[in-house]
Amino acid sequence: MIYLIAVIGSFIAGVINTLAGNGSAITLTILTEVLGLPPNVANGTNRIGITAQSGVASWIFHKNKMLDLRRDRLLIILTLIGAVAGVWVATEVSNEQFKTVFSYLMVLMLFVILIKPKRWLRETDENYELSLWLTVPAFLGIGFYGGFIQMGMGIFFLAIMVLGARYSLMSANAVKSLVVAFYTLFVIAIFEYKGLIDWEIGALMAVGQTAGGWLTAHYGSKYKQANVWAHRLLVVIVVAAIIKLFNLHEMVF
């Protein structure tokens, strides 16, 4: 029953990660609260499923012509550099120290998503180029955050891609999947070097996450209303994160 919960939960996380972000809130909870892994080992083990899910999703997006590697390569390189630095810090410092900051970032993100929602439903502007003065710090920073804790990285990445670089939401998800697949390979190598990965449990979680990533990328890249549903899911995920982080459910019940 525990393993079944792990697979089903990781499948749902794979769907959420591919279409929006913050699916790691589910997988990290399963790894720590259900399977009993220490937080730092759960952080490392979680990256196996993320790599598999992101790799499969990015391949499907590529097959359906939603990725342009020449246009996106600088973003990938910058995010990768930031992620390597972030994961090295993660092996030395408890990520509990970032929880308060993350909580208020989620509140800010909710306002960003809800104000002028049509910005999130635009098509990709092929002719727009984000200034290097913004590109370099933004993607180094988001890479560092993703390497450090991963949870919520997808949401922040989408905000930069859609509102800053003027990508459509689904095109941004395609780039996000490829970026995450690349940098989590390096992240896994560093966590393994530190002895902070449980490969048996990680492989189990990867089964569900890969299935969720494949299914979502396959249908999301073909469905005309995918941007609309991705935006709706993004709102739901951010609201749910705020409720959990600030324990608002305890005030109600």
# chains A, B, ... in the order shown; residues from 1 in each chain; ligands from 1
$ residues_around --residues "A:Ile50" --least-positions-apart "5" --cutoff "9 Å" --atoms "only C-alpha atoms" --output "mmCIF file with N, CA and C atoms, in the first residue's frame"
data_model
loop_
_atom_site.group_PDB
_atom_site.id
_atom_site.type_symbol
_atom_site.label_atom_id
_atom_site.label_comp_id
_atom_site.auth_asym_id
_atom_site.auth_seq_id
_atom_site.Cartn_x
_atom_site.Cartn_y
_atom_site.Cartn_z
ATOM 1 N N GLY A 14 4.136 14.246 -11.481
ATOM 2 C CA GLY A 14 4.654 14.346 -12.842
ATOM 3 C C GLY A 14 3.755 15.178 -13.731
ATOM 4 N N ASN A 17 4.124 18.891 -12.451
ATOM 5 C CA ASN A 17 5.415 19.467 -12.820
ATOM 6 C C ASN A 17 5.484 19.826 -14.295
ATOM 7 N N SER A 24 6.944 18.748 -6.593
ATOM 8 C CA SER A 24 7.852 18.226 -5.577
ATOM 9 C C SER A 24 7.292 18.366 -4.169
ATOM 10 N N GLY A 55 12.987 14.502 -18.748
ATOM 11 C CA GLY A 55 13.600 14.019 -19.976
ATOM 12 C C GLY A 55 12.568 13.516 -20.967
ATOM 13 N N VAL A 180 15.313 21.458 -16.779
ATOM 14 C CA VAL A 180 15.313 20.642 -15.558
ATOM 15 C C VAL A 180 15.968 19.283 -15.810
ATOM 16 N N ALA A 181 15.678 18.675 -16.979
ATOM 17 C CA ALA A 181 16.291 17.383 -17.313
ATOM 18 C C ALA A 181 17.806 17.494 -17.354
ATOM 19 N N THR A 184 19.332 18.496 -13.571
ATOM 20 C CA THR A 184 19.180 17.498 -12.517
ATOM 21 C C THR A 184 20.140 16.329 -12.698
ATOM 22 N N ALA A 206 10.231 7.337 -9.815
ATOM 23 C CA ALA A 206 10.446 7.739 -11.210
ATOM 24 C C ALA A 206 9.428 7.098 -12.146
ATOM 25 N N GLN A 209 6.329 9.354 -11.965
ATOM 26 C CA GLN A 209 6.594 10.683 -12.499
ATOM 27 C C GLN A 209 6.804 10.671 -14.011
ATOM 28 N N THR A 210 7.487 9.632 -14.507
ATOM 29 C CA THR A 210 7.710 9.526 -15.946
ATOM 30 C C THR A 210 6.394 9.342 -16.693
#
$ residues_around --residues "A:Arg47" --least-positions-apart "4" --cutoff "10 Å" --atoms "only C-alpha atoms" --output "list in words"
Ser24, Thr27, Ala42, Asn43, Thr51, Ala52, Gln53, Gly147, Gln150, Val180, Ala181, Tyr183, Thr184, Leu185, Val187, Ile188, Phe191, Ile197, Gly202, Met205 and Ala206 of chain A
$ residues_around --residues "A:Leu28" --least-positions-apart "2" --cutoff "10 Å" --atoms "only C-alpha atoms" --output "NGL selection string"
:A and (10 or 23-26 or 30-35 or 37 or 39 or 42-46 or 151)
$ write_last_selection --atoms "C-alpha atoms" --output "PDB file, in the first residue's frame"
ATOM      1  CA  SER A  10       4.502  10.598  -8.075  1.00  0.00           C
ATOM      2  CA  GLY A  23       4.865  18.787  -7.854  1.00  0.00           C
ATOM      3  CA  SER A  24       7.852  18.226  -5.577  1.00  0.00           C
ATOM      4  CA  ALA A  25       5.643  19.330  -2.685  1.00  0.00           C
ATOM      5  CA  ILE A  26       3.896  15.966  -3.175  1.00  0.00           C
ATOM      6  CA  ILE A  30       5.818  11.109   0.379  1.00  0.00           C
ATOM      7  CA  LEU A  31       9.565  10.565   0.659  1.00  0.00           C
ATOM      8  CA  THR A  32       9.804  12.049   4.168  1.00  0.00           C
ATOM      9  CA  GLU A  33       6.417  11.387   5.794  1.00  0.00           C
ATOM     10  CA  VAL A  34       5.408   8.072   4.133  1.00  0.00           C
ATOM     11  CA  LEU A  35       8.723   6.423   3.248  1.00  0.00           C
ATOM     12  CA  LEU A  37      13.719   9.346   4.433  1.00  0.00           C
ATOM     13  CA  PRO A  39      15.079  15.544   4.434  1.00  0.00           C
ATOM     14  CA  ALA A  42      14.684  12.886   0.221  1.00  0.00           C
ATOM     15  CA  ASN A  43      15.937  16.028  -1.556  1.00  0.00           C
ATOM     16  CA  GLY A  44      18.526  13.971  -3.461  1.00  0.00           C
ATOM     17  CA  THR A  45      16.275  10.951  -4.117  1.00  0.00           C
ATOM     18  CA  ASN A  46      13.520  13.203  -5.465  1.00  0.00           C
ATOM     19  CA  MET A 151      10.121  22.822  -4.947  1.00  0.00           C
TER      20      MET A 151
END
$ residues_around --residues "A:Leu204" --least-positions-apart "2" --cutoff "9 Å" --atoms "only C-alpha atoms" --output "list in words"
Tyr3, Ala6, Val7, Ser10, Gly49, Trp199, Glu200, Ile201, Gly202, Ala206, Val207 and Gly208 of chain A
$ write_last_selection --atoms "N, CA and C atoms" --output "mmCIF file, in the first residue's frame"
data_model
loop_
_atom_site.group_PDB
_atom_site.id
_atom_site.type_symbol
_atom_site.label_atom_id
_atom_site.label_comp_id
_atom_site.auth_asym_id
_atom_site.auth_seq_id
_atom_site.Cartn_x
_atom_site.Cartn_y
_atom_site.Cartn_z
ATOM 1 N N TYR A 3 3.894 1.566 -1.248
ATOM 2 C CA TYR A 3 4.487 1.713 -2.577
ATOM 3 C C TYR A 3 3.452 2.197 -3.590
ATOM 4 N N ALA A 6 3.070 5.799 -3.200
ATOM 5 C CA ALA A 6 4.242 6.469 -3.766
ATOM 6 C C ALA A 6 4.125 6.609 -5.282
ATOM 7 N N VAL A 7 3.689 5.559 -5.957
ATOM 8 C CA VAL A 7 3.579 5.593 -7.423
ATOM 9 C C VAL A 7 2.463 6.534 -7.870
ATOM 10 N N SER A 10 3.475 10.129 -7.153
ATOM 11 C CA SER A 10 4.502 10.598 -8.075
ATOM 12 C C SER A 10 3.938 10.820 -9.476
ATOM 13 N N GLY A 49 13.313 10.918 -10.104
ATOM 14 C CA GLY A 49 12.036 10.985 -10.800
ATOM 15 C C GLY A 49 11.898 12.252 -11.612
ATOM 16 N N TRP A 199 18.519 4.916 -4.238
ATOM 17 C CA TRP A 199 18.222 4.605 -5.634
ATOM 18 C C TRP A 199 16.998 3.711 -5.792
ATOM 19 N N GLU A 200 16.767 2.809 -4.852
ATOM 20 C CA GLU A 200 15.611 1.910 -4.961
ATOM 21 C C GLU A 200 14.299 2.695 -4.875
ATOM 22 N N ILE A 201 14.202 3.557 -3.879
ATOM 23 C CA ILE A 201 12.996 4.367 -3.725
ATOM 24 C C ILE A 201 12.890 5.384 -4.861
ATOM 25 N N GLY A 202 14.020 5.955 -5.256
ATOM 26 C CA GLY A 202 14.021 6.931 -6.344
ATOM 27 C C GLY A 202 13.519 6.341 -7.653
ATOM 28 N N ALA A 206 10.231 7.337 -9.815
ATOM 29 C CA ALA A 206 10.446 7.739 -11.210
ATOM 30 C C ALA A 206 9.428 7.098 -12.146
ATOM 31 N N VAL A 207 8.952 5.904 -11.811
ATOM 32 C CA VAL A 207 7.956 5.224 -12.647
ATOM 33 C C VAL A 207 6.702 6.084 -12.782
ATOM 34 N N GLY A 208 6.179 6.523 -11.647
ATOM 35 C CA GLY A 208 4.976 7.349 -11.659
ATOM 36 C C GLY A 208 5.208 8.708 -12.295
#
$ closest_atom_pairs --of "stretch 108-172 of chain A" --to "stretch 212-229 of chain A" --cutoff "8 Å" --atoms "only C-alpha atoms" --output "JSON lines"
{"residue": "A:Trp120", "atom": "CA", "partner": "A:Asn227", "partner_atom": "CA", "distance": 7.8}
{"residue": "A:Leu121", "atom": "CA", "partner": "A:Asn227", "partner_atom": "CA", "distance": 5.9}
{"residue": "A:Ser168", "atom": "CA", "partner": "A:Asn227", "partner_atom": "CA", "distance": 7.3}
{"residue": "A:Leu169", "atom": "CA", "partner": "A:Asn227", "partner_atom": "CA", "distance": 5.5}
{"residue": "A:Met170", "atom": "CA", "partner": "A:Asn227", "partner_atom": "CA", "distance": 5.8}
$ write_last_selection --atoms "C-alpha atoms" --output "PDB file, in the first residue's frame"
ATOM      1  CA  TRP A 120      -0.196  34.270 -19.346  1.00  0.00           C
ATOM      2  CA  LEU A 121      -2.280  33.273 -22.373  1.00  0.00           C
ATOM      3  CA  SER A 168       3.573  31.073 -24.406  1.00  0.00           C
ATOM      4  CA  LEU A 169       2.842  29.085 -21.256  1.00  0.00           C
ATOM      5  CA  MET A 170       3.162  25.698 -22.996  1.00  0.00           C
TER       6      MET A 170
END
$ residues_around --residues "A:Arg166" --least-positions-apart "3" --cutoff "8 Å" --atoms "only C-alpha atoms" --output "ChimeraX atom specification"
/A:122-125,128,161-163
$ select_by_dssp --residues "stretch 51-237 of chain A" --states "helix (DSSP H, G or I)" --output "PyMOL selection string"
chain A and resi 51-63+69-90+95-114+117-121+132-148+153-164+169-193+199-220+226-237
$ write_last_selection --atoms "C-alpha atoms" --output "compact mmCIF listing (two decimals), in the first residue's frame"
# COMPACT_ATOMS: atom_id res chain seq x y z
CA THR A 51 15.11 13.79 -14.29
CA ALA A 52 13.17 10.90 -15.84
CA GLN A 53 9.91 12.85 -16.02
CA SER A 54 11.55 15.98 -17.46
CA GLY A 55 13.60 14.02 -19.98
CA VAL A 56 10.57 12.19 -21.36
CA ALA A 57 8.42 15.34 -21.39
CA SER A 58 11.08 17.40 -23.20
CA TRP A 59 11.49 14.65 -25.83
CA ILE A 60 7.73 14.66 -26.50
CA PHE A 61 7.69 18.47 -26.69
CA HIS A 62 10.64 18.32 -29.11
CA LYS A 63 8.87 15.77 -31.33
CA LEU A 69 17.36 24.53 -29.03
CA ARG A 70 19.22 27.31 -30.85
CA ARG A 71 16.99 29.98 -29.32
CA ASP A 72 16.97 28.41 -25.84
CA ARG A 73 20.59 27.31 -25.39
CA LEU A 74 21.75 30.39 -23.43
CA LEU A 75 18.87 29.97 -20.97
CA ILE A 76 19.79 26.30 -20.52
CA ILE A 77 23.49 27.03 -19.92
CA LEU A 78 22.83 29.81 -17.40
CA THR A 79 20.28 27.75 -15.48
CA LEU A 80 22.66 24.78 -15.43
CA ILE A 81 25.50 26.86 -13.95
CA GLY A 82 23.20 28.25 -11.26
CA ALA A 83 21.84 24.77 -10.45
CA VAL A 84 25.29 23.26 -9.91
CA ALA A 85 26.08 26.02 -7.41
CA GLY A 86 22.69 25.61 -5.74
CA VAL A 87 22.92 21.86 -5.24
CA TRP A 88 26.38 22.14 -3.74
CA VAL A 89 25.01 24.57 -1.16
CA ALA A 90 22.04 22.23 -0.59
CA ASN A 95 16.85 23.93 3.09
CA GLU A 96 14.52 24.52 6.07
CA GLN A 97 16.15 27.95 6.27
CA PHE A 98 14.47 28.93 3.00
CA LYS A 99 10.90 27.96 3.97
CA THR A 100 9.86 31.38 5.26
CA VAL A 101 11.20 33.13 2.18
CA PHE A 102 9.47 30.57 -0.06
CA SER A 103 6.14 31.12 1.72
CA TYR A 104 6.07 34.84 0.98
CA LEU A 105 7.34 34.31 -2.56
CA MET A 106 4.26 32.13 -3.17
CA VAL A 107 1.98 34.95 -1.99
CA LEU A 108 3.73 37.36 -4.35
CA MET A 109 3.46 34.82 -7.17
CA LEU A 110 -0.31 34.51 -6.68
CA PHE A 111 -0.72 38.25 -7.27
CA VAL A 112 1.54 38.04 -10.34
CA ILE A 113 -0.58 35.22 -11.79
CA LEU A 114 -3.96 36.85 -11.10
CA PRO A 117 -4.13 37.01 -16.56
CA LYS A 118 -4.20 37.54 -20.35
CA ARG A 119 -0.42 37.98 -20.20
CA TRP A 120 -0.20 34.27 -19.35
CA LEU A 121 -2.28 33.27 -22.37
CA LEU A 132 21.25 40.14 -21.30
CA TRP A 133 21.30 42.36 -18.19
CA LEU A 134 18.08 40.60 -17.14
CA THR A 135 18.69 37.18 -18.72
CA VAL A 136 21.97 36.40 -16.95
CA PRO A 137 20.99 37.14 -13.31
CA ALA A 138 17.42 35.82 -13.76
CA PHE A 139 18.39 32.39 -15.08
CA LEU A 140 21.47 32.00 -12.89
CA GLY A 141 19.20 32.78 -9.93
CA ILE A 142 16.40 30.42 -10.92
CA GLY A 143 18.98 27.70 -11.60
CA PHE A 144 20.51 28.20 -8.14
CA TYR A 145 17.08 27.95 -6.53
CA GLY A 146 16.22 24.81 -8.50
CA GLY A 147 19.50 23.18 -7.57
CA PHE A 148 19.00 24.10 -3.95
CA MET A 153 11.21 26.20 -9.20
CA GLY A 154 8.85 25.47 -12.10
CA ILE A 155 6.45 28.22 -11.06
CA PHE A 156 9.18 30.87 -10.86
CA PHE A 157 10.72 29.67 -14.12
CA LEU A 158 7.38 29.97 -15.93
CA ALA A 159 6.91 33.50 -14.59
CA ILE A 160 10.28 34.58 -16.00
CA MET A 161 9.67 32.87 -19.34
CA VAL A 162 6.10 34.08 -19.88
CA LEU A 163 6.21 37.57 -18.38
CA GLY A 164 9.86 38.36 -19.09
CA LEU A 169 2.84 29.09 -21.26
CA MET A 170 3.16 25.70 -23.00
CA SER A 171 6.35 26.71 -24.85
CA ALA A 172 7.76 27.85 -21.50
CA ASN A 173 6.81 24.45 -20.04
CA ALA A 174 8.69 22.76 -22.89
CA VAL A 175 11.87 24.76 -22.18
CA LYS A 176 11.42 24.19 -18.45
CA SER A 177 11.29 20.40 -18.94
CA LEU A 178 14.49 20.42 -21.00
CA VAL A 179 16.33 22.72 -18.58
CA VAL A 180 15.31 20.64 -15.56
CA ALA A 181 16.29 17.38 -17.31
CA PHE A 182 19.77 18.78 -18.03
CA TYR A 183 20.60 20.29 -14.67
CA THR A 184 19.18 17.50 -12.52
CA LEU A 185 21.73 15.12 -14.09
CA PHE A 186 24.45 17.24 -12.50
CA VAL A 187 22.42 17.58 -9.33
CA ILE A 188 22.11 13.78 -9.03
CA ALA A 189 25.86 13.37 -9.53
CA ILE A 190 26.60 15.77 -6.65
CA PHE A 191 24.00 14.23 -4.31
CA GLU A 192 25.34 10.73 -5.14
CA TYR A 193 28.89 11.89 -4.41
CA TRP A 199 18.22 4.60 -5.63
CA GLU A 200 15.61 1.91 -4.96
CA ILE A 201 13.00 4.37 -3.72
CA GLY A 202 14.02 6.93 -6.34
CA ALA A 203 13.46 4.42 -9.16
CA LEU A 204 10.01 3.58 -7.77
CA MET A 205 9.02 7.26 -7.72
CA ALA A 206 10.45 7.74 -11.21
CA VAL A 207 7.96 5.22 -12.65
CA GLY A 208 4.98 7.35 -11.66
CA GLN A 209 6.59 10.68 -12.50
CA THR A 210 7.71 9.53 -15.95
CA ALA A 211 4.21 8.29 -16.79
CA GLY A 212 2.72 11.60 -15.64
CA GLY A 213 5.26 13.63 -17.60
CA TRP A 214 4.78 11.64 -20.81
CA LEU A 215 0.99 11.79 -20.68
CA THR A 216 0.87 15.53 -20.00
CA ALA A 217 3.46 16.48 -22.62
CA HIS A 218 1.79 14.27 -25.24
CA TYR A 219 -1.66 15.80 -24.88
CA GLY A 220 -0.59 19.27 -23.73
CA ALA A 226 -3.51 23.82 -23.06
CA ASN A 227 -2.33 27.35 -22.14
CA VAL A 228 -5.67 28.09 -20.49
CA TRP A 229 -5.67 24.88 -18.45
CA ALA A 230 -2.00 25.31 -17.53
CA HIS A 231 -2.79 28.78 -16.17
CA ARG A 232 -5.75 27.46 -14.18
CA LEU A 233 -3.65 24.66 -12.70
CA LEU A 234 -0.93 27.19 -11.86
CA VAL A 235 -3.42 29.26 -9.85
CA VAL A 236 -4.67 26.14 -8.01
CA ILE A 237 -1.13 24.97 -7.20
$ closest_residue --among "A:Leu245, A:Ala13, A:Ile48, A:Val41" --to "A:Lys194" --atoms "only C-alpha atoms"
A:Val41
$ atom_distance --atom1 "atom CA of A:Thr91" --atom2 "atom CA of A:Asn40"
7.3 Å
$ decode --residues "stretch 12-83 of chain A" --atoms "C-alpha atoms" --output "mmCIF file, in the first residue's frame"
data_model
loop_
_atom_site.group_PDB
_atom_site.id
_atom_site.type_symbol
_atom_site.label_atom_id
_atom_site.label_comp_id
_atom_site.auth_asym_id
_atom_site.auth_seq_id
_atom_site.Cartn_x
_atom_site.Cartn_y
_atom_site.Cartn_z
ATOM 1 C CA ILE A 12 0.197 13.236 -10.018
ATOM 2 C CA ALA A 13 3.427 15.142 -9.316
ATOM 3 C CA GLY A 14 4.654 14.346 -12.842
ATOM 4 C CA VAL A 15 1.482 15.814 -14.338
ATOM 5 C CA ILE A 16 1.697 18.926 -12.154
ATOM 6 C CA ASN A 17 5.415 19.467 -12.820
ATOM 7 C CA THR A 18 4.994 19.215 -16.588
ATOM 8 C CA LEU A 19 1.990 21.521 -16.836
ATOM 9 C CA ALA A 20 2.704 23.996 -14.026
ATOM 10 C CA GLY A 21 5.187 23.275 -11.221
ATOM 11 C CA ASN A 22 5.601 22.519 -7.493
ATOM 12 C CA GLY A 23 4.865 18.787 -7.854
ATOM 13 C CA SER A 24 7.852 18.226 -5.577
ATOM 14 C CA ALA A 25 5.643 19.330 -2.685
ATOM 15 C CA ILE A 26 3.896 15.966 -3.175
ATOM 16 C CA THR A 27 6.943 13.788 -3.773
ATOM 17 C CA LEU A 28 9.017 15.294 -0.951
ATOM 18 C CA THR A 29 6.114 14.757 1.455
ATOM 19 C CA ILE A 30 5.818 11.109 0.379
ATOM 20 C CA LEU A 31 9.565 10.565 0.659
ATOM 21 C CA THR A 32 9.804 12.049 4.168
ATOM 22 C CA GLU A 33 6.417 11.387 5.794
ATOM 23 C CA VAL A 34 5.408 8.072 4.133
ATOM 24 C CA LEU A 35 8.723 6.423 3.248
ATOM 25 C CA GLY A 36 10.663 7.903 6.172
ATOM 26 C CA LEU A 37 13.719 9.346 4.433
ATOM 27 C CA PRO A 38 15.719 12.143 6.102
ATOM 28 C CA PRO A 39 15.079 15.544 4.434
ATOM 29 C CA ASN A 40 18.489 15.803 2.738
ATOM 30 C CA VAL A 41 18.265 12.222 1.385
ATOM 31 C CA ALA A 42 14.684 12.886 0.221
ATOM 32 C CA ASN A 43 15.937 16.028 -1.556
ATOM 33 C CA GLY A 44 18.526 13.971 -3.461
ATOM 34 C CA THR A 45 16.275 10.951 -4.117
ATOM 35 C CA ASN A 46 13.520 13.203 -5.465
ATOM 36 C CA ARG A 47 15.778 14.283 -8.337
ATOM 37 C CA ILE A 48 15.738 10.816 -9.963
ATOM 38 C CA GLY A 49 12.036 10.985 -10.800
ATOM 39 C CA ILE A 50 12.343 14.632 -11.814
ATOM 40 C CA THR A 51 15.110 13.785 -14.293
ATOM 41 C CA ALA A 52 13.174 10.897 -15.839
ATOM 42 C CA GLN A 53 9.908 12.847 -16.024
ATOM 43 C CA SER A 54 11.547 15.979 -17.460
ATOM 44 C CA GLY A 55 13.600 14.019 -19.976
ATOM 45 C CA VAL A 56 10.568 12.187 -21.357
ATOM 46 C CA ALA A 57 8.424 15.342 -21.393
ATOM 47 C CA SER A 58 11.082 17.403 -23.201
ATOM 48 C CA TRP A 59 11.487 14.654 -25.832
ATOM 49 C CA ILE A 60 7.735 14.656 -26.501
ATOM 50 C CA PHE A 61 7.693 18.468 -26.686
ATOM 51 C CA HIS A 62 10.642 18.319 -29.114
ATOM 52 C CA LYS A 63 8.872 15.770 -31.334
ATOM 53 C CA ASN A 64 5.852 18.070 -31.469
ATOM 54 C CA LYS A 65 8.074 21.030 -32.465
ATOM 55 C CA MET A 66 7.631 23.046 -29.295
ATOM 56 C CA LEU A 67 11.369 23.418 -28.595
ATOM 57 C CA ASP A 68 13.957 25.548 -30.403
ATOM 58 C CA LEU A 69 17.356 24.531 -29.032
ATOM 59 C CA ARG A 70 19.221 27.308 -30.850
ATOM 60 C CA ARG A 71 16.993 29.980 -29.320
ATOM 61 C CA ASP A 72 16.972 28.413 -25.843
ATOM 62 C CA ARG A 73 20.595 27.306 -25.395
ATOM 63 C CA LEU A 74 21.754 30.388 -23.432
ATOM 64 C CA LEU A 75 18.871 29.967 -20.970
ATOM 65 C CA ILE A 76 19.787 26.305 -20.519
ATOM 66 C CA ILE A 77 23.486 27.027 -19.919
ATOM 67 C CA LEU A 78 22.829 29.809 -17.399
ATOM 68 C CA THR A 79 20.276 27.746 -15.478
ATOM 69 C CA LEU A 80 22.660 24.783 -15.425
ATOM 70 C CA ILE A 81 25.498 26.864 -13.953
ATOM 71 C CA GLY A 82 23.201 28.248 -11.260
ATOM 72 C CA ALA A 83 21.843 24.773 -10.447
#
